[in-house]
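model-v7.cif (mmCIF, C-alpha atoms)
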```cif
data_work
loop_
_atom_site.label_atom_id
_atom_site.label_comp_id
_atom_site.auth_asym_id
_atom_site.auth_seq_id
_atom_site.Cartn_x
_atom_site.Cartn_y
_atom_site.Cartn_z
CA MET A 1 -54.13 -25.89 -17.36
CA THR A 2 -56.06 -29.15 -16.92
CA SER A 3 -53.94 -32.21 -16.17
CA SER A 4 -54.43 -35.91 -16.73
CA ALA A 5 -52.15 -38.85 -15.95
CA PRO A 6 -50.66 -40.63 -19.02
CA GLN A 7 -52.47 -43.82 -19.97
CA ASP A 8 -50.64 -47.13 -20.43
CA THR A 9 -51.75 -48.50 -23.80
CA GLY A 10 -49.81 -51.73 -23.42
CA HIS A 11 -47.11 -50.61 -25.87
CA ARG A 12 -43.69 -49.16 -25.07
CA LEU A 13 -43.90 -45.44 -25.64
CA TRP A 14 -40.67 -43.50 -25.67
CA SER A 15 -40.70 -39.98 -24.33
CA VAL A 16 -39.33 -37.13 -26.42
CA ASP A 17 -36.45 -36.73 -23.98
CA GLU A 18 -35.59 -40.44 -24.06
CA HIS A 19 -35.49 -40.53 -27.85
CA LEU A 20 -33.35 -37.39 -28.05
CA ALA A 21 -30.97 -38.74 -25.40
CA ASP A 22 -30.64 -41.97 -27.40
CA VAL A 23 -29.80 -39.99 -30.55
CA LEU A 24 -27.23 -37.78 -28.83
CA SER A 25 -25.59 -40.69 -27.03
CA THR A 26 -25.01 -42.41 -30.38
CA VAL A 27 -23.88 -39.47 -32.52
CA ARG A 28 -20.21 -38.58 -32.17
CA PRO A 29 -18.51 -35.39 -33.38
CA LEU A 30 -16.76 -35.72 -36.73
CA GLU A 31 -12.98 -36.03 -36.78
CA PRO A 32 -11.15 -32.69 -37.17
CA ILE A 33 -9.53 -31.73 -40.46
CA GLU A 34 -7.45 -28.81 -41.72
CA LEU A 35 -9.41 -26.53 -44.06
CA GLN A 36 -8.79 -23.38 -46.05
CA LEU A 37 -10.44 -20.36 -44.44
CA LEU A 38 -13.47 -20.04 -46.71
CA ASP A 39 -14.05 -23.79 -46.61
CA ALA A 40 -14.08 -23.57 -42.81
CA GLN A 41 -17.00 -21.13 -42.67
CA GLY A 42 -19.73 -22.53 -40.43
CA CYS A 43 -17.37 -25.09 -38.88
CA VAL A 44 -16.39 -25.43 -35.23
CA LEU A 45 -12.81 -24.62 -34.29
CA VAL A 46 -11.02 -27.44 -32.43
CA GLU A 47 -7.95 -25.52 -31.25
CA ASP A 48 -7.17 -22.24 -29.59
CA VAL A 49 -5.74 -19.75 -32.08
CA THR A 50 -3.21 -17.25 -30.75
CA VAL A 51 -2.06 -14.07 -32.44
CA PRO A 52 1.41 -14.48 -34.04
CA VAL A 53 1.93 -10.75 -34.72
CA ALA A 54 0.41 -7.56 -33.34
CA LEU A 55 -2.59 -6.18 -35.17
CA PRO A 56 -2.15 -3.65 -36.63
CA PRO A 57 1.53 -4.52 -37.06
CA PHE A 58 2.64 -0.87 -37.23
CA ASP A 59 1.40 2.62 -36.34
CA ASN A 60 -0.83 3.76 -39.19
CA SER A 61 -3.16 6.54 -40.20
CA SER A 62 -6.90 6.30 -39.63
CA MET A 63 -7.57 9.20 -42.04
CA ASP A 64 -6.57 10.55 -45.42
CA GLY A 65 -4.56 13.67 -44.61
CA TYR A 66 -1.08 14.86 -43.69
CA ALA A 67 1.44 13.42 -41.28
CA VAL A 68 2.86 16.27 -39.21
CA ARG A 69 4.84 17.24 -36.16
CA THR A 70 2.52 18.65 -33.48
CA ALA A 71 4.79 21.63 -32.82
CA ASP A 72 4.42 22.73 -36.44
CA VAL A 73 0.61 22.97 -36.26
CA GLN A 74 0.30 24.32 -32.73
CA GLY A 75 -2.06 27.31 -32.74
CA ALA A 76 -3.05 26.82 -36.40
CA SER A 77 -6.39 28.38 -37.38
CA GLU A 78 -8.42 29.43 -40.39
CA GLU A 79 -7.06 32.96 -40.06
CA PHE A 80 -3.48 31.93 -39.33
CA PRO A 81 -2.86 28.55 -40.92
CA ALA A 82 0.35 26.62 -40.50
CA VAL A 83 2.16 26.45 -43.85
CA LEU A 84 4.16 23.24 -44.28
CA THR A 85 6.31 21.90 -47.09
CA VAL A 86 4.96 18.68 -48.57
CA ILE A 87 7.88 16.25 -48.90
CA GLY A 88 6.07 13.30 -50.47
CA ASP A 89 3.30 10.73 -50.31
CA VAL A 90 2.84 7.77 -47.97
CA ALA A 91 0.36 5.29 -49.37
CA ALA A 92 -0.91 2.07 -47.83
CA GLY A 93 1.72 -0.59 -48.50
CA SER A 94 4.58 1.92 -48.69
CA GLY A 95 8.01 0.53 -47.92
CA GLU A 96 10.62 3.29 -47.70
CA LEU A 97 9.17 6.22 -45.77
CA PRO A 98 10.19 9.89 -45.88
CA THR A 99 11.28 11.46 -42.62
CA VAL A 100 9.13 14.41 -41.56
CA GLY A 101 11.29 17.23 -40.25
CA PRO A 102 10.49 20.69 -38.86
CA GLY A 103 8.11 22.64 -41.08
CA GLU A 104 7.37 19.58 -43.19
CA ALA A 105 4.40 17.28 -43.82
CA ALA A 106 3.81 14.10 -45.81
CA ARG A 107 0.55 13.31 -47.57
CA ILE A 108 -0.70 10.10 -45.98
CA MET A 109 -3.53 7.73 -46.85
CA THR A 110 -5.76 5.68 -44.56
CA GLY A 111 -3.92 2.55 -43.42
CA ALA A 112 -0.49 3.84 -44.44
CA PRO A 113 2.36 3.60 -41.89
CA LEU A 114 3.15 6.75 -39.91
CA PRO A 115 6.48 8.05 -41.26
CA PRO A 116 9.45 8.77 -38.98
CA GLY A 117 9.35 12.18 -37.34
CA ALA A 118 5.57 12.52 -37.63
CA GLU A 119 3.56 12.60 -34.42
CA ALA A 120 -0.02 13.04 -35.67
CA VAL A 121 -2.22 13.09 -38.73
CA VAL A 122 -4.36 16.07 -39.68
CA PRO A 123 -7.36 15.09 -41.87
CA VAL A 124 -7.37 16.61 -45.34
CA GLU A 125 -10.58 18.46 -44.38
CA TRP A 126 -8.52 20.48 -41.88
CA THR A 127 -6.30 21.73 -44.72
CA ASP A 128 -6.44 23.36 -48.13
CA GLY A 129 -5.32 20.08 -49.71
CA GLY A 130 -2.24 21.80 -51.09
CA THR A 131 -4.28 23.90 -53.50
CA GLY A 132 -3.73 27.28 -51.96
CA ALA A 133 -7.49 27.74 -51.56
CA GLY A 134 -9.89 27.17 -48.68
CA ALA A 135 -10.76 23.97 -46.78
CA ALA A 136 -10.43 20.87 -48.95
CA SER A 137 -12.92 18.05 -49.24
CA GLY A 138 -10.44 15.64 -50.80
CA MET A 139 -6.94 15.20 -52.08
CA THR A 140 -5.46 15.80 -55.50
CA PRO A 141 -5.16 12.34 -57.08
CA ALA A 142 -1.69 10.81 -56.94
CA SER A 143 -1.57 10.71 -60.74
CA ALA A 144 -1.94 14.51 -60.82
CA ALA A 145 0.49 15.34 -58.00
CA PRO A 146 2.57 17.32 -57.47
CA GLU A 147 1.15 19.45 -60.29
CA GLY A 148 -1.46 21.75 -58.81
CA ALA A 149 -0.45 20.94 -55.24
CA GLY A 150 1.91 23.89 -54.91
CA GLY A 151 4.49 21.95 -52.89
CA GLU A 152 3.03 23.15 -49.61
CA VAL A 153 -0.11 22.70 -47.53
CA ARG A 154 -1.98 25.06 -45.24
CA VAL A 155 -3.23 23.46 -42.02
CA HIS A 156 -6.16 25.24 -40.36
CA ARG A 157 -6.38 23.33 -37.05
CA ALA A 158 -3.96 22.10 -34.42
CA ALA A 159 -3.52 18.39 -33.70
CA GLU A 160 -2.54 16.63 -30.51
CA ALA A 161 0.07 13.90 -30.42
CA ARG A 162 -1.19 10.55 -31.84
CA ALA A 163 -4.30 12.21 -33.30
CA HIS A 164 -5.82 9.97 -35.99
CA VAL A 165 -3.09 7.38 -35.50
CA ARG A 166 -3.93 3.70 -34.96
CA SER A 167 -1.25 2.34 -32.65
CA ARG A 168 0.59 -0.91 -33.27
CA GLY A 169 -1.18 -3.73 -31.38
CA SER A 170 -4.24 -1.59 -30.56
CA ASP A 171 -6.50 -4.40 -31.90
CA VAL A 172 -4.65 -7.47 -30.60
CA GLN A 173 -1.17 -8.07 -29.28
CA ALA A 174 1.13 -10.90 -30.27
CA GLY A 175 0.42 -13.87 -28.00
CA ASP A 176 -3.21 -12.88 -27.34
CA LEU A 177 -5.95 -15.48 -27.72
CA ALA A 178 -7.63 -14.71 -31.03
CA LEU A 179 -10.31 -17.43 -31.02
CA ALA A 180 -11.01 -20.20 -28.53
CA ALA A 181 -11.66 -23.82 -29.40
CA GLY A 182 -15.39 -24.37 -29.85
CA THR A 183 -15.94 -21.12 -31.76
CA VAL A 184 -18.23 -21.37 -34.78
CA LEU A 185 -16.47 -19.63 -37.65
CA GLY A 186 -18.62 -16.93 -39.21
CA PRO A 187 -17.54 -14.03 -41.43
CA PRO A 188 -16.04 -11.90 -38.60
CA GLN A 189 -14.02 -14.86 -37.31
CA ILE A 190 -12.81 -15.69 -40.82
CA ALA A 191 -11.75 -12.04 -41.18
CA LEU A 192 -9.76 -12.16 -37.94
CA LEU A 193 -8.00 -15.38 -38.95
CA ALA A 194 -7.04 -13.84 -42.27
CA ALA A 195 -5.89 -10.61 -40.58
CA ILE A 196 -3.45 -12.50 -38.35
CA GLY A 197 -2.11 -14.47 -41.29
CA ARG A 198 -3.82 -17.83 -40.90
CA GLY A 199 -4.47 -19.45 -44.29
CA THR A 200 -5.85 -22.69 -42.87
CA VAL A 201 -7.50 -23.72 -39.62
CA ARG A 202 -8.27 -27.00 -37.86
CA VAL A 203 -11.99 -27.59 -37.48
CA ARG A 204 -14.66 -30.26 -37.38
CA PRO A 205 -16.14 -30.29 -40.89
CA ARG A 206 -19.75 -29.52 -41.63
CA PRO A 207 -21.72 -32.78 -41.58
CA ARG A 208 -22.88 -34.21 -44.90
CA VAL A 209 -26.58 -34.94 -44.53
CA VAL A 210 -28.48 -36.96 -47.14
CA VAL A 211 -32.25 -36.43 -47.17
CA LEU A 212 -34.53 -39.00 -48.84
CA SER A 213 -38.29 -38.74 -49.11
CA THR A 214 -40.34 -41.83 -49.87
CA GLY A 215 -43.70 -42.32 -51.50
CA SER A 216 -44.96 -43.35 -54.93
CA GLU A 217 -47.43 -40.47 -54.75
CA LEU A 218 -44.70 -37.82 -54.74
CA VAL A 219 -43.97 -35.65 -57.77
CA GLN A 220 -41.11 -33.16 -58.05
CA PRO A 221 -42.04 -29.46 -58.13
CA GLY A 222 -42.23 -28.21 -61.70
CA GLU A 223 -43.69 -31.43 -63.02
CA ALA A 224 -47.36 -32.03 -63.77
CA LEU A 225 -49.57 -33.63 -61.14
CA THR A 226 -51.63 -36.65 -62.09
CA ALA A 227 -54.50 -38.32 -60.25
CA GLY A 228 -53.57 -39.22 -56.68
CA THR A 229 -50.19 -37.44 -56.68
CA ILE A 230 -48.82 -34.55 -54.63
CA TYR A 231 -45.67 -32.48 -54.77
CA ASP A 232 -42.67 -33.59 -52.71
CA SER A 233 -42.16 -30.83 -50.14
CA ASN A 234 -40.53 -32.81 -47.34
CA SER A 235 -37.18 -33.38 -49.00
CA PHE A 236 -36.91 -29.67 -49.81
CA ALA A 237 -37.93 -28.62 -46.31
CA LEU A 238 -35.53 -30.99 -44.59
CA ALA A 239 -32.61 -30.28 -46.90
CA ALA A 240 -33.11 -26.56 -46.27
CA ALA A 241 -33.40 -27.20 -42.53
CA ALA A 242 -30.19 -29.23 -42.59
CA ARG A 243 -28.37 -26.35 -44.28
CA ASP A 244 -29.83 -23.96 -41.73
CA ALA A 245 -28.47 -26.18 -38.97
CA GLY A 246 -24.97 -25.96 -40.45
CA ALA A 247 -24.78 -29.09 -42.60
CA ILE A 248 -23.96 -29.73 -46.23
CA ALA A 249 -27.25 -31.17 -47.50
CA TYR A 250 -27.83 -33.57 -50.36
CA ARG A 251 -31.44 -33.98 -51.42
CA VAL A 252 -32.44 -37.24 -53.08
CA GLY A 253 -35.66 -37.11 -55.10
CA ALA A 254 -38.65 -39.07 -53.90
CA VAL A 255 -38.10 -42.83 -53.85
CA ALA A 256 -41.06 -45.01 -54.82
CA ASP A 257 -42.70 -47.38 -52.34
CA ASP A 258 -40.46 -50.30 -53.23
CA ALA A 259 -38.20 -51.80 -50.58
CA ASP A 260 -35.51 -52.98 -52.98
CA THR A 261 -35.28 -49.56 -54.68
CA LEU A 262 -35.14 -47.75 -51.35
CA ARG A 263 -32.55 -50.18 -49.98
CA ALA A 264 -30.33 -49.70 -53.04
CA THR A 265 -30.69 -45.93 -52.85
CA ILE A 266 -29.71 -45.85 -49.19
CA GLU A 267 -26.70 -48.08 -49.79
CA ASP A 268 -25.59 -45.85 -52.68
CA GLN A 269 -25.86 -42.74 -50.52
CA LEU A 270 -23.83 -44.08 -47.60
CA ILE A 271 -20.56 -43.13 -49.28
CA ARG A 272 -21.30 -39.40 -48.98
CA ALA A 273 -23.31 -39.33 -45.76
CA ASP A 274 -22.35 -38.50 -42.20
CA LEU A 275 -26.07 -38.65 -41.40
CA LEU A 276 -29.04 -40.07 -43.30
CA VAL A 277 -32.57 -38.73 -42.92
CA THR A 278 -35.60 -40.43 -44.45
CA THR A 279 -39.13 -39.13 -44.37
CA GLY A 280 -42.23 -41.28 -44.78
CA GLY A 281 -42.80 -45.01 -44.58
CA VAL A 282 -42.32 -45.49 -40.82
CA SER A 283 -45.91 -46.11 -39.69
CA VAL A 284 -47.95 -49.32 -39.85
CA GLY A 285 -49.39 -49.16 -43.37
CA ALA A 286 -48.95 -51.91 -45.93
CA TYR A 287 -46.86 -49.58 -48.13
CA ASP A 288 -44.67 -48.11 -45.39
CA VAL A 289 -41.49 -49.53 -46.91
CA VAL A 290 -38.78 -47.77 -44.89
CA LYS A 291 -39.11 -50.38 -42.13
CA GLU A 292 -39.10 -53.20 -44.66
CA ALA A 293 -36.07 -51.85 -46.49
CA LEU A 294 -33.97 -51.10 -43.44
CA THR A 295 -34.40 -54.54 -41.92
CA SER A 296 -32.20 -55.83 -44.76
CA VAL A 297 -29.46 -53.18 -44.73
CA ALA A 298 -26.39 -54.46 -42.90
CA GLY A 299 -25.81 -52.55 -39.73
CA GLY A 300 -22.64 -54.12 -38.35
CA ASP A 301 -22.13 -56.37 -35.38
CA GLU A 302 -24.91 -55.05 -33.19
CA ASP A 303 -27.99 -55.08 -35.37
CA VAL A 304 -31.16 -53.75 -33.79
CA ASP A 305 -34.46 -54.62 -35.38
CA GLY A 306 -32.68 -56.37 -38.24
CA GLY A 307 -30.72 -53.41 -39.66
CA GLY A 308 -29.40 -51.38 -36.78
CA ILE A 309 -32.57 -49.26 -36.88
CA ASP A 310 -35.09 -49.28 -34.05
CA PHE A 311 -38.61 -48.22 -35.02
CA ARG A 312 -40.48 -46.87 -32.05
CA LYS A 313 -43.48 -44.84 -30.98
CA LEU A 314 -43.02 -41.59 -29.13
CA ALA A 315 -45.37 -39.94 -26.68
CA MET A 316 -45.65 -36.81 -28.82
CA GLN A 317 -47.93 -35.15 -31.33
CA PRO A 318 -47.22 -34.72 -34.18
CA GLY A 319 -44.47 -37.24 -34.92
CA LYS A 320 -45.42 -40.38 -33.01
CA PRO A 321 -43.69 -42.93 -35.33
CA GLN A 322 -39.90 -42.56 -35.41
CA GLY A 323 -36.91 -44.65 -36.36
CA PHE A 324 -33.30 -44.32 -35.29
CA GLY A 325 -30.10 -46.31 -35.45
CA THR A 326 -26.93 -46.79 -37.45
CA ILE A 327 -26.36 -48.57 -40.74
CA GLY A 328 -23.54 -49.58 -43.02
CA PRO A 329 -19.89 -50.43 -42.36
CA ASP A 330 -19.22 -47.03 -40.78
CA HIS A 331 -22.30 -47.18 -38.56
CA THR A 332 -23.73 -44.07 -40.17
CA PRO A 333 -26.56 -42.59 -38.04
CA LEU A 334 -29.99 -42.68 -39.66
CA LEU A 335 -33.14 -40.95 -38.48
CA ALA A 336 -36.39 -42.12 -40.07
CA LEU A 337 -39.07 -39.44 -39.75
CA PRO A 338 -42.80 -39.65 -40.44
CA GLY A 339 -44.10 -38.47 -43.80
CA ASN A 340 -46.71 -35.87 -42.89
CA PRO A 341 -45.08 -32.49 -43.56
CA VAL A 342 -45.57 -30.97 -40.12
CA SER A 343 -44.66 -34.22 -38.35
CA SER A 344 -41.53 -34.42 -40.45
CA TYR A 345 -40.44 -30.85 -39.80
CA VAL A 346 -41.18 -30.91 -36.07
CA SER A 347 -39.26 -34.20 -35.80
CA PHE A 348 -36.34 -32.61 -37.61
CA GLU A 349 -36.21 -29.67 -35.22
CA LEU A 350 -36.41 -31.89 -32.15
CA PHE A 351 -34.06 -34.71 -33.17
CA VAL A 352 -32.20 -34.19 -36.45
CA ARG A 353 -31.02 -30.63 -35.84
CA PRO A 354 -29.45 -31.60 -32.49
CA ALA A 355 -27.80 -34.60 -34.19
CA ILE A 356 -26.30 -32.38 -36.90
CA ARG A 357 -24.95 -29.91 -34.38
CA ALA A 358 -23.57 -32.72 -32.23
CA LEU A 359 -21.70 -33.99 -35.30
CA MET A 360 -20.30 -30.46 -35.67
CA GLY A 361 -18.86 -30.71 -32.17
CA LEU A 362 -21.09 -28.17 -30.45
CA PRO A 363 -21.82 -28.73 -26.74
CA GLU A 364 -25.16 -30.28 -25.83
CA SER A 365 -26.36 -26.92 -24.49
CA GLU A 366 -26.12 -25.49 -28.01
CA VAL A 367 -27.45 -28.30 -30.17
CA GLY A 368 -31.15 -27.48 -29.87
CA ARG A 369 -33.21 -24.41 -30.59
CA PRO A 370 -33.48 -21.79 -27.85
CA THR A 371 -36.60 -21.87 -25.70
CA VAL A 372 -38.47 -19.16 -23.79
CA ARG A 373 -41.53 -18.93 -21.59
CA ALA A 374 -44.47 -17.02 -23.05
CA VAL A 375 -48.13 -16.34 -22.25
CA LEU A 376 -50.72 -17.91 -24.54
CA LYS A 377 -52.69 -15.34 -26.50
CA ALA A 378 -55.71 -17.10 -28.00
CA ASP A 379 -59.50 -16.85 -28.33
CA LYS A 380 -60.09 -20.23 -26.68
CA ALA A 381 -58.34 -22.99 -24.78
CA LEU A 382 -56.00 -25.31 -26.63
CA GLY A 383 -56.71 -29.02 -26.30
CA SER A 384 -54.00 -31.65 -26.12
CA PRO A 385 -54.13 -35.45 -25.91
CA ALA A 386 -53.35 -37.00 -22.52
CA GLY A 387 -49.95 -38.62 -22.34
CA ARG A 388 -48.58 -36.83 -25.40
CA ARG A 389 -46.24 -33.87 -25.55
CA GLN A 390 -47.83 -31.68 -28.17
CA PHE A 391 -46.01 -29.20 -30.39
CA LEU A 392 -48.30 -26.54 -31.87
CA ARG A 393 -47.25 -23.92 -34.39
CA GLY A 394 -47.20 -20.37 -33.09
CA THR A 395 -46.05 -16.81 -33.60
CA TYR A 396 -44.00 -15.34 -30.78
CA ASP A 397 -44.10 -11.68 -29.77
CA ALA A 398 -40.88 -11.06 -27.86
CA GLN A 399 -41.83 -7.53 -26.82
CA ALA A 400 -45.18 -8.59 -25.35
CA GLY A 401 -43.94 -11.96 -24.12
CA THR A 402 -46.88 -13.75 -25.76
CA VAL A 403 -47.36 -16.56 -28.25
CA SER A 404 -50.35 -17.10 -30.53
CA PRO A 405 -51.41 -20.29 -32.33
CA VAL A 406 -51.15 -20.50 -36.13
CA GLY A 407 -53.49 -22.91 -37.89
CA GLY A 408 -54.83 -26.12 -36.39
CA SER A 409 -53.09 -29.17 -34.99
CA GLY A 410 -53.31 -31.27 -38.17
CA SER A 411 -49.97 -32.76 -39.22
CA HIS A 412 -50.65 -31.95 -42.89
CA LEU A 413 -51.17 -28.19 -42.46
CA ILE A 414 -47.96 -27.01 -44.08
CA ALA A 415 -49.29 -23.54 -44.95
CA ALA A 416 -49.65 -22.73 -41.27
CA LEU A 417 -46.12 -23.97 -40.67
CA ALA A 418 -44.80 -21.48 -43.21
CA HIS A 419 -46.23 -18.62 -41.13
CA ALA A 420 -45.03 -19.89 -37.75
CA ASP A 421 -41.82 -18.82 -36.05
CA SER A 422 -42.10 -21.03 -32.99
CA LEU A 423 -43.51 -24.22 -31.51
CA MET A 424 -45.71 -24.10 -28.43
CA VAL A 425 -45.01 -27.05 -26.13
CA VAL A 426 -47.90 -28.62 -24.21
CA PRO A 427 -46.60 -31.11 -21.61
CA GLU A 428 -47.71 -34.76 -21.52
CA ASP A 429 -49.84 -34.32 -18.40
CA VAL A 430 -51.76 -31.30 -19.70
CA THR A 431 -54.96 -31.69 -21.72
CA SER A 432 -56.11 -28.07 -21.91
CA VAL A 433 -54.25 -24.76 -21.97
CA GLU A 434 -56.33 -21.69 -21.17
CA PRO A 435 -55.58 -18.26 -22.65
CA GLY A 436 -53.24 -16.42 -20.30
CA SER A 437 -51.41 -19.59 -19.29
CA GLU A 438 -47.64 -19.71 -19.57
CA LEU A 439 -46.05 -22.14 -22.02
CA GLU A 440 -42.62 -23.24 -23.08
CA VAL A 441 -41.93 -21.99 -26.62
CA VAL A 442 -39.29 -23.30 -29.02
CA LEU A 443 -38.00 -20.47 -31.22
CA LEU A 444 -37.49 -21.57 -34.82
CA GLY A 445 -35.95 -18.44 -36.31
#
```
Turn this file's structure into structure tokens for me.
Amino acid sequence: MTSSAPQDTGHRLWSVDEHLADVLSTVRPLEPIELQLLDAQGCVLVEDVTVPVALPPFDNSSMDGYAVRTADVQGASEEFPAVLTVIGDVAAGSGELPTVGPGEAARIMTGAPLPPGAEAVVPVEWTDGGTGAGAASGMTPASAAPEGAGGEVRVHRAAEARAHVRSRGSDVQAGDLALAAGTVLGPPQIALLAAIGRGTVRVRPRPRVVVLSTGSELVQPGEALTAGTIYDSNSFALAAAARDAGAIAYRVGAVADDADTLRATIEDQLIRADLLVTTGGVSVGAYDVVKEALTSVAGGDEDVDGGGIDFRKLAMQPGKPQGFGTIGPDHTPLLALPGNPVSSYVSFELFVRPAIRALMGLPESEVGRPTVRAVLKADKALGSPAGRRQFLRGTYDAQAGTVSPVGGSGSHLIAALAHADSLMVVPEDVTSVEPGSELEVVLLG
């Protein structure tokens, strides 16, 4: 790697780390609420959950078969089967249970409670299924029993005590910790909560993120393009990224380059936003209206740059122009991202995703994407501007421990972004990265 000291251009340049620290120091986790189980999926638990009752709550069968006493099937074989009288059925959910005595068996289904007197379960495949024939592959349906069952069953194999029996509390015992505070609730965690009888749970809700793209040149996909227009991809990309991060995303169609319209749109959206994200209009052009609009949106008692939003330049590429602050009576966080597609997406991954996950209540160590070290696999050296932390699209090979560039460094090259699964990070003091050099890699998938 070739290094060069950052150059002072006379303007305050924020580092990537400084900007992220500012965002995370401002964003606070959302207040906990009680939610129904399915509504809590993807949320972060705020309390330890203990097990109120043992799971399973009773001894039950792990197989479809026959509940027996071990002494009655001792020495049973194909040639000399044990012949037992079938005294009834025990289905899952059964209340009153028959008592299994000497020389007796009860048909039992998977999950059904082990009846009194029984010590083991023999799978139906070890029996004739009550048909008087050879080994069975299944049971006579309950609607057809006992007709055709013969009232007795031949057991062809012995069973040890507790064979095919799931013991009470073998999963969790009453009083055990089921889930710890800070757990993100996915399908297995939801299943456990339901299994121990919890209908609701106290969590931090998923953040509501409103995404607005700006630009009079933007047309919605599905509509016809006219001269000088392009399709709006940023709002779709960022809304999808917000969902991927764990948020509830609301996408607002492209807002024209008019400060009053944008200001009104933002004010209308505040009622349903825990976080606002805009894309475009943050540079120095005459039609970059996000700055103009946000200088007139009330930001509370401590306005910064006229509206609680500070527009700054970062020592990074892509994504140099950024805006951040809070607006509205509830001091709703707002991140203003640049409009070039790659700049916008990279900025989201570096700053918005951590903000969303901080709102969810995740620890700082878990708010960003995971990073690894990998060896650059490329045909030539990668150049990088002095004083800028560059983020280049790449494909990561975990088995080989290498990363390869995808596409060029242009901030408009969205096709290359679609084929990348990582970002290669070139530090601020490095201007050239030779093939074979080791880089930090941000994993996107």
Leu270 in chain A: which residues within 9 Å, counting all atoms listed in the file, same-chain residues fewer than 4 positions away excluded, as a PyMOL selection string? chain A and resi 210+265-266+274-276+327-328+330+332
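If only C-alpha atoms are the atoms counted, then among A:Glu125, A:Asp379, A:Glu79, A:Glu292 the closest residue to Val433 in chain A is A:Asp379.
Using all atoms listed in the file, the residues found no farther than 8 Å from Gly101 in chain A, other than those of its own chain fewer than 4 positions away, are Arg69, Ala105, Gly117 and Ala118 of chain A.
Using the PyMOL selection byres ((chain A and resi 126-135) around 9) on the file at hand returns these residues: Gly65, Tyr66, Glu78, Pro81, Val86, Val122, Pro123, Val124, Glu125, Ala136, Ser137, Gly138, Met139, Thr140, Gly148, Ala149, Gly150, Gly151, Glu152, Val153, Arg154, Val155, His156, Arg157 and Ala158 of chain A.
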Would you kindly translate the PyMOL selection byres ((chain A and resi 384-399) around 9) into the concrete residues it picks from this file, as a PyMOL selection string? chain A and resi 3-8+15-16+314-318+320+346+374+382-383+400-409+416-417+419-433+441+443
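CA of Val68 in chain A to CA of Pro113 in chain A spans 13.0 Å [interatomic distance, one decimal].
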Could you expand the PyMOL selection byres ((chain A and resi 343) around 12) into the explicit residues it covers here, written as a ChimeraX atom specification? /A:234,237-238,279-280,282,314,316-322,336-342,344-351,390-393,409-414,417
